[in-house]
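So the structure is just underneath, and the comments pick up after that.
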Amino acid sequence: MSTTPRLRNMRRPRLEGSGRVRRDPRAERLYCGEPAGETLSARGLPRRDPRAWYAAGPQANGRVRIDRSQRPGSASVAASAPLRAAEPALKTVVIAEPAFWVLAVPDLDDGRLSAHDRDVFGGARLLAADGGAVVAVCFGPAEGLDLAGADRVLQFDAAVFAGYAPEARAAAVAAVIATLDPRHVLLPDTPIGGGDLGRRLAAQLGETAAVRVQKLSAGEAIARGNGGRSDYHMAPPRLLLLAPEAADPLGGVRHEALALPVPELDTPTRLLDRGLLAIDPNSVPLAEADFICSAGNGVHDWSAFHAVAAALGATEGGSRMVCDAGLLPRHRQVGASGTLVDPRCYLAFGIAGAPQHLQGITRCERVIAVNTDLHAEMVKRADLAIVQDAQRVMPALTRLIEEKRHGA
Amino acid sequence: MALDIAVLVSVGRHPASARNRRAVLDARALELALNVPGANIHLIHAGDADEPALREYLGMGVERLSVLGVPAHADVLPVLVAHLKALRPALVLCGAAAEQGAGSGELPYRLAAALGMPIVPAVAGFELHGGRAQLAQALPRGRRRGVEAALPVLLSVDRAAPEPRQSAYARAQRGQIERIAVPAAPLWQPPGEEQPARKRPKRLKLISGSGAERMRAAQGAAASAGKGQLLVQPEPAAAAQAIYDYLLSEGILRG
Ligand SMILES: Cc1cc2nc3c(=O)[nH]c(=O)nc-3n(C[C@H](O)[C@H](O)[C@H](O)COP(=O)(O)OP(=O)(O)OC[C@H]3O[C@@H](n4cnc5c(N)ncnc54)[C@H](O)[C@@H]3O)c2cc1C
Ligand SMILES: Nc1ncnc2c1ncn2[C@@H]1O[C@H](COP(=O)(O)O)[C@@H](O)[C@H]1O
């Protein structure tokens, strides 16, 4: 006797009603029998093949989505594979004859587009949506402008624009504004980057900029002011200084990023950049540190550790183990129960990379690990991993830096 | 000859109690000026001379505050420009942004443009030698940059500058407020429809995948997993060289 017809006619209350996607074991059982077709055992009883159901993989009806194999080549992996393969073939958007221009001036701190810079390009694309083209005005080389959403690129490479040169840069952007007459100019509102440059431009052009823009759409900019207590809703003016996350960065398309000819300029320079000043790196709070040299349980030679941190000019940090042991003060602890740090580079000596520790360095882009254990989590996380005794690497690194310093 | 320093101060507002007070950044600017030996400090405000919070600046140890009599929330640029043009200070100090009104931080730039002075923002400290100013500019991540400019120059001061000294009550009461009559100034117009600031949610990064993948992403491992460079048992010197080269190529160390 087959059970199937009876089940088929039964109401299945779990499937009706809430509309939520749930497993229904009876329906699954019912389903299992079907694809392979029922076979009869020697005694004439219906048998079902339990593997047939797993092999069928994820179901399109949106209900049964269980893949227990977890092996590559299983149905669910096969289903997501084409998505991954599609990534390199991005569509390129071509705007051959733009109706108008929108300028985006990224900070390019360290010569890279920051997340904030990408948001600015996202905002520029919003404002250029009806037939305009986005022109990136860059000082120095930049990568990834095509993915960020730049249709054209004006790259100023002259030495006067290098370092802190806001007056020269403002003159350059003002010259571009004079020639292209863009509908909008967008900058990231950072204190000594776009925020400085944008306010200089506003003063020079005699315009009022929308500053600390919290949210940008094609028809409205929401600026913040009054000591952070008020939002000003306005039609986007020409100059816009965007706070982080005011617009979403572009994704999934590429723009042309064609180089435009760069005008020759006569630029003023009343300010001289004297370079970075030497400061005691350990006077900087860990959360603000630029470069952290961190020690874990694998460090035994503490004088070598302090020496290498000093030679590198790095702020000292440590894992909870060393802070618990009193080898470093508590405010030097990096991690979930210590400080969440955001340095440009994190150099870890003898740190295993416990989850609580790694949570402290999630935002860190460059990680170097020195550890005797090839399989430590820290080694997996690192951009440069060195499997070696920290006690031998630290003095070697100190010596090398000192040699380079005296040699130069 | 004593050095003339103009310090522009505005009325601040406490973020929690909403009471008027000295503005924290302007107080820092005044603190920097007070630390210049032998300076002749001109404390200037454009607005209502009867505002009690203004006395807090006097309590920091200045004899006199000049108030250019315009209504509160007037456009103060023209009167300040006219006053400073007559005063010709060697140094003008401002806060980076006011705590009331627009507070857009544009005023220092407009002033500098109108006075033809260079402006340096985010100043954390300075020294004056032979008609030139050596400035320390605060960069993110606790770094400082040296900037040099010829006087006269306008500096705007941000949070990295030293803490201002306390304001002494008796001194604040003793200090003089000089009222200066100026031509009527137009009222400041808000740049758009004003609404109470709304807190905006942080953008969430959506990570899909198995539990293990999400855990790794939460630990930041996803970004760099598998693309790192690995050296197994190198000579210490080779390891040091590899670290050094990496730091140099990423611009962390300068060669
Ligand atoms: C609630 C809670 C919160 C926590 N919060 C934090 C936190 O905020 N921050 C934090 O750091 N931890 C935190 N921890 C602790 C965390 O789980 C780990 O115990 C700790 O991070 C381990 O520190 P470690 O890597 O220095 O030590 P270990 O785990 O002992 O690792 C030492 C590493 O050094 C390597 N090593 C040994 N000898 C050498 C050598 N000669 N040369 C090079 N490498 C060597 C080893 O291979 C090993 O990988 C927390 C734990 C809990 C339960
Ligand atoms: N009414 C005012 N009188 C004098 N100085 C002011 C006044 N308003 C603003 N300032 C100065 O200009 C800085 C920036 O102002 P704002 O551009 O309005 O954010 C403040 O920190 C003050 O130093």
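A note on labels: chains of the structure tokens are A, B, ... as shown, every chain counts residues from 1, and ligands are counted from 1 in their shown order.
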Need to verify the contact set: Thr269 in chain A, 12 Å, only C-alpha atoms, exclusion of same-chain residues closer than 2 positions in sequence. Can you return it as a CSV table (one decimal) with N, CA, C and O atoms, in the first residue's frame?
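This is the output file out13.csv:
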chain,number,residue,atom,x,y,z
A,159,ALA,N,54.6,69.3,-9.2
A,159,ALA,CA,55.1,69.2,-7.8
A,159,ALA,C,54.4,70.2,-6.9
A,159,ALA,O,54.3,69.9,-5.7
A,160,VAL,N,53.9,71.3,-7.4
A,160,VAL,CA,53.3,72.3,-6.5
A,160,VAL,C,52.0,71.7,-5.9
A,160,VAL,O,51.6,72.3,-4.8
A,161,PHE,N,51.4,70.7,-6.4
A,161,PHE,CA,50.2,70.1,-5.8
A,161,PHE,C,50.5,69.0,-4.8
A,161,PHE,O,49.6,68.6,-4.1
A,162,ALA,N,51.7,68.6,-4.7
A,162,ALA,CA,52.1,67.5,-3.8
A,162,ALA,C,52.0,68.0,-2.3
A,162,ALA,O,52.2,69.2,-2.0
A,164,TYR,N,50.9,69.2,1.4
A,164,TYR,CA,49.8,70.2,1.8
A,164,TYR,C,49.9,71.4,0.9
A,164,TYR,O,50.7,72.3,1.1
A,165,ALA,N,49.1,71.4,-0.1
A,165,ALA,CA,49.1,72.6,-1.1
A,165,ALA,C,47.7,73.0,-1.4
A,165,ALA,O,47.2,73.0,-2.5
A,166,PRO,N,46.9,73.4,-0.3
A,166,PRO,CA,45.5,73.7,-0.6
A,166,PRO,C,45.3,74.9,-1.5
A,166,PRO,O,44.3,75.0,-2.2
A,167,GLU,N,46.2,75.9,-1.4
A,167,GLU,CA,46.0,77.1,-2.3
A,167,GLU,C,46.2,76.8,-3.7
A,167,GLU,O,45.4,77.2,-4.6
A,168,ALA,N,47.2,76.0,-4.0
A,168,ALA,CA,47.5,75.6,-5.4
A,168,ALA,C,46.3,74.7,-5.9
A,168,ALA,O,45.8,74.9,-7.0
A,169,ARG,N,45.9,73.8,-5.0
A,169,ARG,CA,44.8,72.9,-5.4
A,169,ARG,C,43.5,73.7,-5.7
A,169,ARG,O,42.7,73.4,-6.6
A,170,ALA,N,43.2,74.7,-4.8
A,170,ALA,CA,42.0,75.4,-4.9
A,170,ALA,C,42.0,76.2,-6.2
A,170,ALA,O,41.1,76.3,-7.0
A,171,ALA,N,43.2,76.8,-6.5
A,171,ALA,CA,43.4,77.5,-7.8
A,171,ALA,C,43.1,76.6,-9.0
A,171,ALA,O,42.5,77.0,-10.0
A,266,ASP,N,49.1,79.0,-13.3
A,266,ASP,CA,50.1,79.8,-12.5
A,266,ASP,C,49.5,79.7,-11.1
A,266,ASP,O,48.4,80.3,-10.8
A,267,THR,N,50.1,79.0,-10.2
A,267,THR,CA,49.5,78.7,-8.9
A,267,THR,C,50.3,79.4,-7.8
A,267,THR,O,51.5,79.4,-7.7
A,271,LEU,N,51.8,79.0,1.5
A,271,LEU,CA,52.0,78.1,2.6
A,271,LEU,C,53.1,77.0,2.2
A,271,LEU,O,53.1,76.5,1.1
A,272,LEU,N,54.0,76.8,3.2
A,272,LEU,CA,55.1,75.8,2.9
A,272,LEU,C,54.8,74.6,3.7
A,272,LEU,O,54.6,74.7,4.9
A,273,ASP,N,54.8,73.4,3.1
A,273,ASP,CA,54.6,72.2,3.8
A,273,ASP,C,56.0,71.7,4.3
A,273,ASP,O,56.9,71.6,3.6
B,117,MET,N,44.6,87.3,3.3
B,117,MET,CA,45.6,86.5,4.2
B,117,MET,C,45.5,85.1,3.8
B,117,MET,O,44.5,84.5,3.4
B,118,PRO,N,46.6,84.4,3.9
B,118,PRO,CA,46.6,82.9,3.8
B,118,PRO,C,45.9,82.3,5.1
B,118,PRO,O,45.9,82.9,6.1
B,119,ILE,N,45.2,81.2,4.9
B,119,ILE,CA,44.6,80.6,6.1
B,119,ILE,C,45.1,79.2,6.2
B,119,ILE,O,45.3,78.4,5.2
B,147,VAL,N,53.7,73.4,9.0
B,147,VAL,CA,53.4,74.3,7.9
B,147,VAL,C,54.0,75.6,8.2
B,147,VAL,O,54.0,76.0,9.4
B,148,GLU,N,54.6,76.3,7.2
B,148,GLU,CA,55.2,77.5,7.5
B,148,GLU,C,54.5,78.6,6.7
B,148,GLU,O,54.1,78.4,5.5
B,149,ALA,N,54.3,79.8,7.2
B,149,ALA,CA,53.6,80.8,6.5
B,149,ALA,C,54.2,82.2,7.0
B,149,ALA,O,54.6,82.3,8.1
B,150,ALA,N,54.2,83.2,6.1
B,150,ALA,CA,54.6,84.5,6.5
B,150,ALA,C,53.5,85.2,7.1
B,150,ALA,O,52.3,85.0,6.8
Nearby residues, ligand 2, 6 Å, only C-alpha atoms and all ligand atoms, as a PDB file with N, CA, C and O atoms, in the first residue's frame:
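The resulting file, result_0.pdb, is reproduced below:
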ATOM      1  N   LEU B   8      38.960  85.807  17.341  1.00  0.00           N
ATOM      2  CA  LEU B   8      37.528  85.960  17.092  1.00  0.00           C
ATOM      3  C   LEU B   8      36.781  84.911  17.888  1.00  0.00           C
ATOM      4  O   LEU B   8      37.055  83.719  17.763  1.00  0.00           O
ATOM      5  N   VAL B   9      35.868  85.391  18.705  1.00  0.00           N
ATOM      6  CA  VAL B   9      35.147  84.436  19.552  1.00  0.00           C
ATOM      7  C   VAL B   9      33.648  84.545  19.292  1.00  0.00           C
ATOM      8  O   VAL B   9      33.127  85.612  18.975  1.00  0.00           O
ATOM      9  N   SER B  10      32.983  83.425  19.424  1.00  0.00           N
ATOM     10  CA  SER B  10      31.536  83.384  19.242  1.00  0.00           C
ATOM     11  C   SER B  10      30.912  82.809  20.508  1.00  0.00           C
ATOM     12  O   SER B  10      31.615  82.370  21.411  1.00  0.00           O
ATOM     13  N   ASP B  26      36.815  78.190  20.194  1.00  0.00           N
ATOM     14  CA  ASP B  26      37.254  79.579  20.305  1.00  0.00           C
ATOM     15  C   ASP B  26      38.086  79.769  21.574  1.00  0.00           C
ATOM     16  O   ASP B  26      39.053  80.535  21.596  1.00  0.00           O
ATOM     17  N   ILE B  44      37.670  89.742  19.959  1.00  0.00           N
ATOM     18  CA  ILE B  44      36.619  90.384  19.159  1.00  0.00           C
ATOM     19  C   ILE B  44      35.415  89.464  19.012  1.00  0.00           C
ATOM     20  O   ILE B  44      35.558  88.275  18.715  1.00  0.00           O
ATOM     21  N   HIS B  45      34.240  90.047  19.209  1.00  0.00           N
ATOM     22  CA  HIS B  45      33.008  89.314  18.952  1.00  0.00           C
ATOM     23  C   HIS B  45      32.058  90.237  18.204  1.00  0.00           C
ATOM     24  O   HIS B  45      32.031  91.433  18.457  1.00  0.00           O
ATOM     25  N   ALA B  46      31.323  89.667  17.278  1.00  0.00           N
ATOM     26  CA  ALA B  46      30.288  90.455  16.605  1.00  0.00           C
ATOM     27  C   ALA B  46      28.954  89.898  17.059  1.00  0.00           C
ATOM     28  O   ALA B  46      28.680  88.724  16.827  1.00  0.00           O
ATOM     29  N   GLY B  47      28.153  90.707  17.735  1.00  0.00           N
ATOM     30  CA  GLY B  47      26.869  90.220  18.221  1.00  0.00           C
ATOM     31  C   GLY B  47      26.377  91.050  19.383  1.00  0.00           C
ATOM     32  O   GLY B  47      26.622  92.263  19.438  1.00  0.00           O
ATOM     33  N   VAL B  76      27.877  88.367  10.001  1.00  0.00           N
ATOM     34  CA  VAL B  76      28.918  89.148  10.684  1.00  0.00           C
ATOM     35  C   VAL B  76      30.130  89.399   9.801  1.00  0.00           C
ATOM     36  O   VAL B  76      31.038  90.120  10.193  1.00  0.00           O
ATOM     37  N   CYS B  94      40.822  81.865  14.939  1.00  0.00           N
ATOM     38  CA  CYS B  94      39.394  81.545  14.953  1.00  0.00           C
ATOM     39  C   CYS B  94      39.227  80.109  15.408  1.00  0.00           C
ATOM     40  O   CYS B  94      40.164  79.324  15.362  1.00  0.00           O
ATOM     41  N   GLY B  95      37.989  79.767  15.733  1.00  0.00           N
ATOM     42  CA  GLY B  95      37.679  78.354  15.914  1.00  0.00           C
ATOM     43  C   GLY B  95      37.358  77.746  14.560  1.00  0.00           C
ATOM     44  O   GLY B  95      37.097  78.460  13.601  1.00  0.00           O
ATOM     45  N   ALA B  96      37.369  76.406  14.487  1.00  0.00           N
ATOM     46  CA  ALA B  96      37.110  75.756  13.205  1.00  0.00           C
ATOM     47  C   ALA B  96      35.646  75.902  12.802  1.00  0.00           C
ATOM     48  O   ALA B  96      35.341  76.017  11.617  1.00  0.00           O
ATOM     49  N   ALA B  97      34.743  75.892  13.759  1.00  0.00           N
ATOM     50  CA  ALA B  97      33.329  76.050  13.440  1.00  0.00           C
ATOM     51  C   ALA B  97      32.620  76.555  14.676  1.00  0.00           C
ATOM     52  O   ALA B  97      32.985  76.207  15.795  1.00  0.00           O
ATOM     53  N   ALA B  98      31.601  77.394  14.462  1.00  0.00           N
ATOM     54  CA  ALA B  98      30.839  77.924  15.582  1.00  0.00           C
ATOM     55  C   ALA B  98      29.831  76.890  16.052  1.00  0.00           C
ATOM     56  O   ALA B  98      29.495  75.958  15.326  1.00  0.00           O
ATOM     57  N   ALA B 102      24.921  79.155  11.575  1.00  0.00           N
ATOM     58  CA  ALA B 102      25.241  78.177  10.533  1.00  0.00           C
ATOM     59  C   ALA B 102      26.290  77.199  11.051  1.00  0.00           C
ATOM     60  O   ALA B 102      26.165  75.982  10.912  1.00  0.00           O
ATOM     61  N   GLY B 103      27.339  77.748  11.664  1.00  0.00           N
ATOM     62  CA  GLY B 103      28.398  76.873  12.165  1.00  0.00           C
ATOM     63  C   GLY B 103      29.001  76.037  11.076  1.00  0.00           C
ATOM     64  O   GLY B 103      29.405  74.905  11.293  1.00  0.00           O
ATOM     65  N   SER B 104      29.072  76.605   9.875  1.00  0.00           N
ATOM     66  CA  SER B 104      29.549  75.817   8.741  1.00  0.00           C
ATOM     67  C   SER B 104      31.057  75.840   8.640  1.00  0.00           C
ATOM     68  O   SER B 104      31.630  75.121   7.832  1.00  0.00           O
ATOM     69  N   GLY B 105      31.702  76.665   9.457  1.00  0.00           N
ATOM     70  CA  GLY B 105      33.151  76.764   9.374  1.00  0.00           C
ATOM     71  C   GLY B 105      33.613  77.501   8.137  1.00  0.00           C
ATOM     72  O   GLY B 105      34.774  77.418   7.758  1.00  0.00           O
ATOM     73  N   GLU B 106      32.710  78.259   7.500  1.00  0.00           N
ATOM     74  CA  GLU B 106      33.104  78.990   6.294  1.00  0.00           C
ATOM     75  C   GLU B 106      33.616  80.381   6.618  1.00  0.00           C
ATOM     76  O   GLU B 106      34.334  80.973   5.820  1.00  0.00           O
ATOM     77  N   LEU B 107      33.223  80.912   7.787  1.00  0.00           N
ATOM     78  CA  LEU B 107      33.577  82.293   8.104  1.00  0.00           C
ATOM     79  C   LEU B 107      35.089  82.544   8.054  1.00  0.00           C
ATOM     80  O   LEU B 107      35.524  83.516   7.440  1.00  0.00           O
ATOM     81  N   PRO B 108      35.919  81.690   8.673  1.00  0.00           N
ATOM     82  CA  PRO B 108      37.358  81.948   8.613  1.00  0.00           C
ATOM     83  C   PRO B 108      37.875  82.027   7.177  1.00  0.00           C
ATOM     84  O   PRO B 108      38.718  82.877   6.856  1.00  0.00           O
TER      85      PRO B 108
END
Looking at A:Arg392, A:Arg26, A:Arg399, A:His375, which one is nearest to chain B, with distances taken over only C-alpha atoms?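 Of A:Arg392, A:Arg26, A:Arg399, A:His375, the one nearest chain B, counting only C-alpha atoms, is A:Arg392.
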Could the residues of chain A within 6 Å of chain B, counting only C-alpha atoms, be given as a PyMOL selection string, please? chain A and resi 199-200+203+225-227+229-234+271-277+284+288-290+358-359+362+381+383-388+392-393+396-397
Could you list the protein, DNA and RNA residues that have any atom within 9 Å of ligand 1, counting only C-alpha atoms and all ligand atoms, and write them as a PyMOL selection string? chain A and resi 295-300+318-323+333-340+349-360+369-379+387-393
Can you list every residue in range 45-273 of chain A that DSSP puts in strand (DSSP E), as an MDAnalysis selection string? chainID A and resid 46:47 91:93 101:104 133:139 152:156 184:188 210:216 221:225 230:234 239:242 253:255 258:259 271:273
